[in-house]
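Below is target16.cif, which holds mmCIF, C-alpha atoms and all ligand atoms.
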data_target
#
loop_
_atom_site.group_PDB
_atom_site.id
_atom_site.type_symbol
_atom_site.label_atom_id
_atom_site.label_comp_id
_atom_site.auth_asym_id
_atom_site.auth_seq_id
_atom_site.Cartn_x
_atom_site.Cartn_y
_atom_site.Cartn_z
ATOM 1 C CA MET C 13 -105.115 -52.029 -86.915
ATOM 2 C CA SER C 14 -108.266 -54.087 -87.232
ATOM 3 C CA ALA C 15 -111.388 -53.336 -85.230
ATOM 4 C CA ILE C 16 -112.799 -55.876 -82.778
ATOM 5 C CA TYR C 17 -116.195 -54.409 -82.178
ATOM 6 C CA SER C 18 -117.995 -57.620 -83.074
ATOM 7 C CA LEU C 19 -116.135 -59.642 -80.433
ATOM 8 C CA ARG C 20 -117.703 -60.320 -77.076
ATOM 9 C CA ILE C 21 -115.412 -60.329 -74.074
ATOM 10 C CA LYS C 22 -116.729 -62.896 -71.625
ATOM 11 C CA THR C 23 -113.880 -63.462 -69.227
ATOM 12 C CA PRO C 24 -110.790 -61.628 -67.911
ATOM 13 C CA ALA C 25 -108.754 -64.133 -69.959
ATOM 14 C CA ASP C 26 -110.426 -62.848 -73.154
ATOM 15 C CA LEU C 27 -109.437 -59.330 -72.181
ATOM 16 C CA GLU C 28 -105.895 -60.441 -71.424
ATOM 17 C CA GLU C 29 -105.643 -62.086 -74.818
ATOM 18 C CA LEU C 30 -106.823 -58.933 -76.584
ATOM 19 C CA ARG C 31 -104.283 -56.853 -74.674
ATOM 20 C CA GLU C 32 -101.432 -59.161 -75.588
ATOM 21 C CA ASN C 33 -102.508 -59.346 -79.241
ATOM 22 C CA PHE C 34 -102.694 -55.575 -79.464
ATOM 23 C CA ARG C 35 -99.290 -55.089 -77.846
ATOM 24 C CA LYS C 36 -97.716 -57.668 -80.112
ATOM 25 C CA ARG C 37 -99.085 -56.007 -83.241
ATOM 26 C CA ALA C 38 -98.196 -52.497 -82.034
ATOM 27 C CA SER C 39 -94.621 -53.511 -81.260
ATOM 28 C CA GLY C 40 -94.206 -54.856 -84.800
ATOM 29 C CA TYR C 41 -94.014 -51.363 -86.313
ATOM 30 C CA ARG C 42 -90.701 -49.630 -86.901
ATOM 31 C CA HIS C 43 -92.096 -46.287 -85.724
ATOM 32 C CA THR C 44 -95.306 -45.065 -84.145
ATOM 33 C CA ILE C 45 -96.395 -41.511 -84.879
ATOM 34 C CA TYR C 46 -98.807 -39.951 -82.407
ATOM 35 C CA ILE C 47 -100.359 -37.067 -84.259
ATOM 36 C CA CYS C 48 -102.514 -34.697 -82.289
ATOM 37 C CA GLY C 49 -106.171 -34.576 -83.255
ATOM 38 C CA GLY C 50 -107.157 -32.307 -80.362
ATOM 39 C CA ALA C 51 -109.282 -29.207 -80.873
ATOM 40 C CA GLY C 52 -106.314 -26.809 -80.644
ATOM 41 C CA CYS C 53 -104.361 -28.587 -83.360
ATOM 42 C CA ILE C 54 -107.414 -28.996 -85.565
ATOM 43 C CA SER C 55 -107.864 -25.229 -85.424
ATOM 44 C CA SER C 56 -104.214 -24.938 -86.532
ATOM 45 C CA HIS C 57 -105.023 -27.002 -89.655
ATOM 46 C CA SER C 58 -103.698 -30.359 -88.473
ATOM 47 C CA ASP C 59 -105.973 -32.052 -91.037
ATOM 48 C CA ASP C 60 -103.749 -30.735 -93.851
ATOM 49 C CA VAL C 61 -100.707 -32.085 -92.019
ATOM 50 C CA VAL C 62 -102.279 -35.521 -91.520
ATOM 51 C CA GLN C 63 -103.236 -35.774 -95.183
ATOM 52 C CA ALA C 64 -99.709 -34.760 -96.265
ATOM 53 C CA LEU C 65 -98.207 -37.286 -93.846
ATOM 54 C CA LYS C 66 -100.402 -40.138 -95.070
ATOM 55 C CA LYS C 67 -99.648 -39.279 -98.671
ATOM 56 C CA ALA C 68 -95.881 -39.074 -98.118
ATOM 57 C CA MET C 69 -95.889 -42.396 -96.248
ATOM 58 C CA ALA C 70 -97.947 -44.086 -98.966
ATOM 59 C CA LEU C 71 -95.713 -42.725 -101.749
ATOM 60 C CA ARG C 72 -92.638 -44.118 -100.017
ATOM 61 C CA GLY C 73 -94.266 -47.453 -99.192
ATOM 62 C CA LEU C 74 -94.136 -46.914 -95.422
ATOM 63 C CA ALA C 75 -97.760 -47.561 -94.524
ATOM 64 C CA GLN C 76 -97.061 -51.103 -93.254
ATOM 65 C CA GLU C 77 -93.974 -50.109 -91.271
ATOM 66 C CA ILE C 78 -95.194 -46.979 -89.535
ATOM 67 C CA ARG C 79 -98.165 -46.887 -87.205
ATOM 68 C CA LEU C 80 -100.061 -43.623 -87.385
ATOM 69 C CA VAL C 81 -102.158 -42.870 -84.310
ATOM 70 C CA SER C 82 -104.598 -39.993 -84.109
ATOM 71 C CA THR C 83 -104.650 -38.829 -80.495
ATOM 72 C CA GLY C 84 -106.293 -36.301 -78.231
ATOM 73 C CA CYS C 85 -104.446 -33.211 -77.007
ATOM 74 C CA ILE C 86 -100.753 -33.929 -76.504
ATOM 75 C CA GLY C 87 -100.560 -30.944 -74.172
ATOM 76 C CA LEU C 88 -98.414 -28.339 -75.884
ATOM 77 C CA CYS C 89 -101.181 -26.667 -77.909
ATOM 78 C CA ALA C 90 -99.110 -23.525 -78.557
ATOM 79 C CA GLN C 91 -96.845 -25.717 -80.728
ATOM 80 C CA GLY C 92 -99.702 -27.193 -82.768
ATOM 81 C CA PRO C 93 -100.076 -28.938 -85.067
ATOM 82 C CA CYS C 94 -97.719 -31.342 -83.358
ATOM 83 C CA MET C 95 -96.788 -35.010 -83.146
ATOM 84 C CA ILE C 96 -94.501 -37.397 -81.271
ATOM 85 C CA VAL C 97 -92.428 -40.031 -83.069
ATOM 86 C CA ASP C 98 -91.611 -43.191 -81.129
ATOM 87 C CA PRO C 99 -89.557 -45.144 -80.195
ATOM 88 C CA GLU C 100 -87.275 -42.084 -79.927
ATOM 89 C CA GLY C 101 -89.955 -39.894 -78.321
ATOM 90 C CA VAL C 102 -89.195 -36.948 -80.595
ATOM 91 C CA PHE C 103 -91.572 -34.001 -80.407
ATOM 92 C CA TYR C 104 -92.238 -32.114 -83.645
ATOM 93 C CA GLY C 105 -94.268 -28.903 -83.485
ATOM 94 C CA ASN C 106 -95.633 -26.089 -85.647
ATOM 95 C CA LEU C 107 -96.011 -28.667 -88.392
ATOM 96 C CA THR C 108 -96.865 -27.909 -91.996
ATOM 97 C CA PRO C 109 -97.308 -30.271 -94.969
ATOM 98 C CA GLU C 110 -93.778 -29.329 -96.121
ATOM 99 C CA LYS C 111 -92.293 -30.125 -92.716
ATOM 100 C CA VAL C 112 -93.904 -33.558 -92.457
ATOM 101 C CA ARG C 113 -92.652 -34.484 -95.927
ATOM 102 C CA MET C 114 -89.164 -33.540 -94.727
ATOM 103 C CA ILE C 115 -89.610 -35.583 -91.514
ATOM 104 C CA VAL C 116 -90.714 -38.616 -93.519
ATOM 105 C CA ASP C 117 -87.610 -38.440 -95.722
ATOM 106 C CA ARG C 118 -85.023 -37.529 -93.133
ATOM 107 C CA HIS C 119 -86.287 -39.165 -89.942
ATOM 108 C CA LEU C 120 -88.502 -42.102 -90.925
ATOM 109 C CA ILE C 121 -86.356 -43.124 -93.884
ATOM 110 C CA GLY C 122 -82.977 -41.566 -93.104
ATOM 111 C CA GLY C 123 -83.012 -42.177 -89.355
ATOM 112 C CA ARG C 124 -81.940 -38.600 -88.482
ATOM 113 C CA ILE C 125 -83.961 -36.338 -86.213
ATOM 114 C CA VAL C 126 -85.012 -33.133 -88.007
ATOM 115 C CA LYS C 127 -83.917 -30.715 -85.313
ATOM 116 C CA GLU C 128 -85.227 -27.570 -86.954
ATOM 117 C CA CYS C 129 -88.774 -28.985 -86.724
ATOM 118 C CA CYS C 130 -88.396 -29.678 -82.983
ATOM 119 C CA TYR C 131 -89.195 -27.436 -80.037
ATOM 120 C CA TYR C 132 -87.021 -24.328 -79.840
ATOM 121 C CA ASP C 133 -86.185 -23.281 -76.296
ATOM 122 C CA ASP C 134 -85.892 -19.503 -76.023
ATOM 123 C CA ALA C 135 -84.020 -19.734 -72.709
ATOM 124 C CA SER C 136 -81.189 -21.992 -73.889
ATOM 125 C CA LYS C 137 -81.421 -20.906 -77.554
ATOM 126 C CA GLU C 138 -81.377 -24.555 -78.559
ATOM 127 C CA TYR C 139 -83.683 -27.054 -80.189
ATOM 128 C CA ILE C 140 -84.876 -29.750 -77.772
ATOM 129 C CA PRO C 141 -85.785 -32.914 -79.697
ATOM 130 C CA HIS C 142 -87.026 -35.300 -77.009
ATOM 131 C CA THR C 143 -90.379 -34.930 -75.291
ATOM 132 C CA LYS C 144 -88.945 -36.002 -71.939
ATOM 133 C CA ASP C 145 -86.504 -33.055 -72.002
ATOM 134 C CA LEU C 146 -89.059 -30.362 -72.814
ATOM 135 C CA PRO C 147 -89.519 -27.951 -69.892
ATOM 136 C CA PHE C 148 -93.299 -28.109 -70.387
ATOM 137 C CA PHE C 149 -93.391 -31.896 -69.875
ATOM 138 C CA ASN C 150 -90.444 -32.927 -67.785
ATOM 139 C CA LYS C 151 -91.972 -32.156 -64.381
ATOM 140 C CA GLN C 152 -95.409 -33.491 -65.175
ATOM 141 C CA VAL C 153 -96.795 -36.777 -63.910
ATOM 142 C CA LYS C 154 -99.973 -37.444 -65.821
ATOM 143 C CA ILE C 155 -102.602 -39.437 -63.973
ATOM 144 C CA ALA C 156 -106.107 -38.647 -65.224
ATOM 145 C CA LEU C 157 -104.645 -37.666 -68.603
ATOM 146 C CA ARG C 158 -102.196 -40.582 -68.757
ATOM 147 C CA ASN C 159 -103.605 -41.952 -72.018
ATOM 148 C CA VAL C 160 -104.498 -38.651 -73.670
ATOM 149 C CA GLY C 161 -102.052 -37.999 -76.488
ATOM 150 C CA ARG C 162 -100.738 -41.571 -76.316
ATOM 151 C CA ILE C 163 -103.648 -43.667 -77.587
ATOM 152 C CA ASP C 164 -105.994 -43.710 -80.559
ATOM 153 C CA PHE C 165 -109.131 -42.283 -78.996
ATOM 154 C CA GLY C 166 -111.312 -44.173 -81.481
ATOM 155 C CA SER C 167 -109.859 -47.620 -80.764
ATOM 156 C CA ILE C 168 -111.107 -49.884 -77.991
ATOM 157 C CA GLU C 169 -108.163 -52.167 -78.810
ATOM 158 C CA ASP C 170 -105.711 -49.395 -78.022
ATOM 159 C CA TYR C 171 -107.473 -48.703 -74.722
ATOM 160 C CA ILE C 172 -107.370 -52.386 -73.776
ATOM 161 C CA GLY C 173 -103.714 -52.426 -74.848
ATOM 162 C CA HIS C 174 -103.155 -49.738 -72.188
ATOM 163 C CA ASP C 175 -104.814 -51.864 -69.472
ATOM 164 C CA GLY C 176 -108.270 -50.470 -70.155
ATOM 165 C CA TYR C 177 -111.354 -52.318 -68.886
ATOM 166 C CA PHE C 178 -109.289 -54.425 -66.467
ATOM 167 C CA ALA C 179 -110.730 -52.546 -63.482
ATOM 168 C CA LEU C 180 -114.213 -53.260 -64.782
ATOM 169 C CA ALA C 181 -113.352 -56.939 -65.271
ATOM 170 C CA LYS C 182 -112.121 -57.133 -61.674
ATOM 171 C CA VAL C 183 -115.256 -55.527 -60.305
ATOM 172 C CA LEU C 184 -117.613 -57.704 -62.350
ATOM 173 C CA THR C 185 -115.858 -60.998 -61.719
ATOM 174 C CA ASP C 186 -114.193 -60.618 -58.350
ATOM 175 C CA TRP C 187 -114.928 -57.689 -56.080
ATOM 176 C CA GLY C 188 -118.657 -56.949 -56.474
ATOM 177 C CA ARG C 189 -120.290 -53.734 -55.301
ATOM 178 C CA ASP C 190 -119.505 -53.632 -51.602
ATOM 179 C CA LYS C 191 -115.813 -54.429 -51.906
ATOM 180 C CA THR C 192 -115.463 -51.956 -54.782
ATOM 181 C CA ILE C 193 -116.900 -49.159 -52.675
ATOM 182 C CA GLU C 194 -114.687 -50.175 -49.743
ATOM 183 C CA GLU C 195 -111.562 -50.122 -51.908
ATOM 184 C CA VAL C 196 -112.384 -46.783 -53.512
ATOM 185 C CA THR C 197 -113.111 -45.279 -50.104
ATOM 186 C CA ALA C 198 -109.857 -46.633 -48.672
ATOM 187 C CA SER C 199 -107.898 -45.325 -51.672
ATOM 188 C CA GLY C 200 -108.756 -41.724 -50.749
ATOM 189 C CA LEU C 201 -109.774 -40.960 -54.337
ATOM 190 C CA ARG C 202 -111.473 -37.563 -54.591
ATOM 191 C CA GLY C 203 -113.421 -35.672 -57.233
ATOM 192 C CA ARG C 204 -111.587 -33.351 -59.592
ATOM 193 C CA GLY C 205 -113.886 -30.394 -58.937
ATOM 194 C CA GLY C 206 -113.078 -27.627 -56.459
ATOM 195 C CA ALA C 207 -114.598 -29.470 -53.496
ATOM 196 C CA GLY C 208 -112.495 -32.627 -53.920
ATOM 197 C CA PHE C 209 -115.448 -34.668 -52.681
ATOM 198 C CA PRO C 210 -114.477 -38.221 -51.582
ATOM 199 C CA THR C 211 -115.450 -40.598 -54.380
ATOM 200 C CA GLY C 212 -116.124 -43.546 -52.072
ATOM 201 C CA VAL C 213 -118.664 -41.505 -50.070
ATOM 202 C CA LYS C 214 -120.387 -40.474 -53.273
ATOM 203 C CA TRP C 215 -120.560 -44.035 -54.563
ATOM 204 C CA LYS C 216 -121.860 -45.383 -51.240
ATOM 205 C CA SER C 217 -124.561 -42.703 -51.080
ATOM 206 C CA GLY C 218 -125.769 -43.680 -54.532
ATOM 207 C CA HIS C 219 -125.617 -47.363 -53.683
ATOM 208 C CA ASP C 220 -127.643 -46.916 -50.481
ATOM 209 C CA GLN C 221 -130.470 -44.963 -52.083
ATOM 210 C CA PRO C 222 -133.739 -46.907 -52.315
ATOM 211 C CA GLY C 223 -135.344 -47.570 -55.683
ATOM 212 C CA ASP C 224 -134.496 -49.558 -58.786
ATOM 213 C CA GLN C 225 -133.967 -46.716 -61.205
ATOM 214 C CA LYS C 226 -130.820 -44.669 -60.622
ATOM 215 C CA TYR C 227 -129.127 -42.150 -62.872
ATOM 216 C CA ILE C 228 -125.455 -41.377 -63.341
ATOM 217 C CA ILE C 229 -124.517 -37.990 -64.728
ATOM 218 C CA CYS C 230 -121.157 -37.595 -66.419
ATOM 219 C CA ASN C 231 -120.396 -34.065 -65.358
ATOM 220 C CA ALA C 232 -118.035 -32.682 -67.961
ATOM 221 C CA ASP C 233 -118.779 -29.069 -67.104
ATOM 222 C CA GLU C 234 -115.766 -26.872 -67.800
ATOM 223 C CA GLY C 235 -115.735 -24.947 -64.548
ATOM 224 C CA ASP C 236 -112.236 -23.547 -65.021
ATOM 225 C CA PRO C 237 -112.186 -21.067 -67.895
ATOM 226 C CA GLY C 238 -109.884 -22.257 -70.665
ATOM 227 C CA ALA C 239 -108.703 -25.409 -68.883
ATOM 228 C CA PHE C 240 -110.746 -27.866 -70.964
ATOM 229 C CA MET C 241 -109.540 -30.757 -68.788
ATOM 230 C CA ASP C 242 -112.859 -32.598 -68.899
ATOM 231 C CA ARG C 243 -113.215 -32.132 -72.617
ATOM 232 C CA SER C 244 -109.640 -33.365 -73.056
ATOM 233 C CA ILE C 245 -110.471 -36.659 -71.352
ATOM 234 C CA LEU C 246 -113.725 -37.107 -73.255
ATOM 235 C CA GLU C 247 -112.008 -36.405 -76.563
ATOM 236 C CA GLY C 248 -108.674 -38.098 -75.939
ATOM 237 C CA ASP C 249 -109.564 -41.083 -73.721
ATOM 238 C CA PRO C 250 -113.323 -41.686 -74.045
ATOM 239 C CA HIS C 251 -113.169 -45.342 -73.054
ATOM 240 C CA SER C 252 -111.869 -44.397 -69.606
ATOM 241 C CA VAL C 253 -115.096 -42.431 -69.072
ATOM 242 C CA ILE C 254 -117.227 -45.295 -70.383
ATOM 243 C CA GLU C 255 -115.390 -47.807 -68.184
ATOM 244 C CA HIS C 256 -115.918 -45.660 -65.126
ATOM 245 C CA ARG C 257 -119.636 -45.222 -65.876
ATOM 246 C CA ARG C 258 -119.960 -48.964 -66.360
ATOM 247 C CA LEU C 259 -118.344 -49.594 -62.984
ATOM 248 C CA LEU C 260 -121.267 -47.787 -61.392
ATOM 249 C CA HIS C 261 -123.952 -49.323 -63.487
ATOM 250 C CA ARG C 262 -126.028 -52.409 -62.934
ATOM 251 C CA ARG C 263 -125.073 -55.231 -65.234
ATOM 252 C CA GLU C 264 -128.588 -55.906 -66.487
ATOM 253 C CA GLN C 265 -129.376 -52.346 -67.543
ATOM 254 C CA GLY C 266 -128.341 -50.597 -70.717
ATOM 255 C CA LEU C 267 -125.876 -47.718 -70.437
ATOM 256 C CA ARG C 268 -126.587 -44.286 -71.844
ATOM 257 C CA LEU C 269 -123.821 -41.735 -71.500
ATOM 258 C CA CYS C 270 -125.053 -38.156 -71.365
ATOM 259 C CA PRO C 271 -122.117 -35.832 -70.762
ATOM 260 C CA ARG C 272 -123.211 -32.582 -69.242
ATOM 261 C CA GLY C 273 -121.496 -29.330 -70.071
ATOM 262 C CA VAL C 274 -119.923 -30.381 -73.376
ATOM 263 C CA SER C 275 -120.953 -28.607 -76.533
ATOM 264 C CA PRO C 276 -123.070 -30.628 -79.007
ATOM 265 C CA GLY C 277 -120.118 -30.806 -81.385
ATOM 266 C CA HIS C 278 -118.198 -33.057 -79.022
HETATM 267 S S1 LIG W 1 -104.702 -29.803 -79.175
HETATM 268 FE FE1 LIG W 1 -102.849 -30.543 -80.008
HETATM 269 S S2 LIG W 1 -101.434 -30.264 -78.397
HETATM 270 FE FE2 LIG W 1 -103.300 -29.585 -77.560
#

Kindly transcribe the structure held in the file into structure tokens.
Amino acid sequence: MSAIYSLRIKTPADLEELRENFRKRASGYRHTIYICGGAGCISSHSDDVVQALKKAMALRGLAQEIRLVSTGCIGLCAQGPCMIVDPEGVFYGNLTPEKVRMIVDRHLIGGRIVKECCYYDDASKEYIPHTKDLPFFNKQVKIALRNVGRIDFGSIEDYIGHDGYFALAKVLTDWGRDKTIEEVTASGLRGRGGAGFPTGVKWKSGHDQPGDQKYIICNADEGDPGAFMDRSILEGDPHSVIEHRRLLHRREQGLRLCPRGVSPGH
């Protein structure tokens, strides 16, 4: 899908139009494949799988009918490389170039789910094709990670298509600083670190400090060993971090994002 980086969004109506255009184009595809580009899957050679998938789709003339989306961590890293095929919501794991060629022929062209490439449940001794039925996913309600694994992390269009930047538009055009802080305080939103510090209190403290020059640190420190939750958001949904930083930033100043605690490779 085409990039829009040269467009300037001046009003909420512009944003609305971009969202509707994106959704219209996205819904025009016969299938959408969300292929995981998270660190775990990359270390399981997902690049080879992506190349094989692109090649198989091109050879069969499917490139215009199938939307291929490179996402952040889908969540089930032990099954990587993995992908989800919509609209059915089928989860395919432990992928290889041979398996994706088979999925292209049998699922994307033939319309039949390739069960032997789906998740195998040791408890029931059955393959479980649909993501919503997987024991790992079916009790989860994703909030902070709602977009991770479901959007193209490199596309601002995709983020806008998932309601991104609408909070920023509201703050800039309607609420202003004081009402924003009031609303965030009233919402009870808290930090994701161990202290669960109230976000509204933090924002008000920053707002009330004297001086023109203020700094916002994006603390992406991975305090919990092996959790990688902050890195997952930065990798899989970076625009949500940028939008949040911009909410706190004065309109007339430039924005520099300096994540703390993330290795230079990210
Ligand atoms: S990195 Fe692919 S599922 Fe986690």

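Neighbours of ligand LIG 1 (chain W) at a cut-off of 9 Å, computed so that only C-alpha atoms and all ligand atoms are counted, are the residues Ile47, Cys48, Gly49, Gly50, Ala51, Gly52, Cys53, Ile54, Ser55, Ser56, Ser58, Thr83, Gly84, Cys85, Ile86, Gly87, Leu88, Cys89, Ala90, Gln91, Gly92, Pro93, Cys94, Met95, Gly105, Gly161 and Ser244 of chain C.
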
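Residues surrounding Gly73 in chain C within 12 Å are Lys66, Lys67, Val116, Asp117, Leu120 and Ile121 of chain C [all atoms listed in the file; sequence separation below 6 positions excluded].
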
Legend entry - Coordinates-based distance that separates CA of Asp98 in chain C from CA of Leu146 in chain C (Å, one decimal): 15.5 Å

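Proximity to Asp59 in chain C was assessed for C:Ala198, C:Pro109, C:Ala75, C:Glu28 counting all atoms listed in the file; the smallest distance is recorded for C:Pro109.
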
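Between CA of Arg72 in chain C and CA of Ser39 in chain C lies a distance of 21.1 Å.
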
Inset, instruction - I need the residue set behind the PyMOL selection byres (((chain C and resi 182) around 12) and not hetatm) for this file; please write it as an NGL selection string. - result: :C and (23-25 or 27 or 175-181 or 183-189 or 191-192 or 255 or 259)

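Those residues returned by the PyMOL selection byres (((chain C and resi 145) around 12) and not hetatm) for this file are Gly101, Val102, Phe103, Cys130, Tyr131, Tyr132, Asp133, Glu138, Tyr139, Ile140, Pro141, His142, Thr143, Lys144, Leu146, Pro147, Phe148, Phe149, Asn150, Lys151 and Gln152 of chain C.
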
Inset, instruction - Pull out every residue that the PyMOL selection byres (((chain C and resi 174) around 10) and not hetatm) matches in the shown coordinates and put them as an MDAnalysis selection string. - result: chainID C and resid 31 34:35 158:159 162:163 168:173 175:178

Any idea what's packed within 10 Å of Lys214 in chain C, counting all atoms listed in the file, ignoring anything in its chain fewer than 2 positions away? Could you give it as a CSV table (one decimal) with C-alpha atoms, in the frame of the given file?
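After the write, result.csv holds the following:
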chain,number,residue,atom,x,y,z
C,193,ILE,CA,-116.9,-49.2,-52.7
C,197,THR,CA,-113.1,-45.3,-50.1
C,202,ARG,CA,-111.5,-37.6,-54.6
C,203,GLY,CA,-113.4,-35.7,-57.2
C,209,PHE,CA,-115.4,-34.7,-52.7
C,210,PRO,CA,-114.5,-38.2,-51.6
C,211,THR,CA,-115.4,-40.6,-54.4
C,212,GLY,CA,-116.1,-43.5,-52.1
C,216,LYS,CA,-121.9,-45.4,-51.2
C,217,SER,CA,-124.6,-42.7,-51.1
C,218,GLY,CA,-125.8,-43.7,-54.5
C,219,HIS,CA,-125.6,-47.4,-53.7
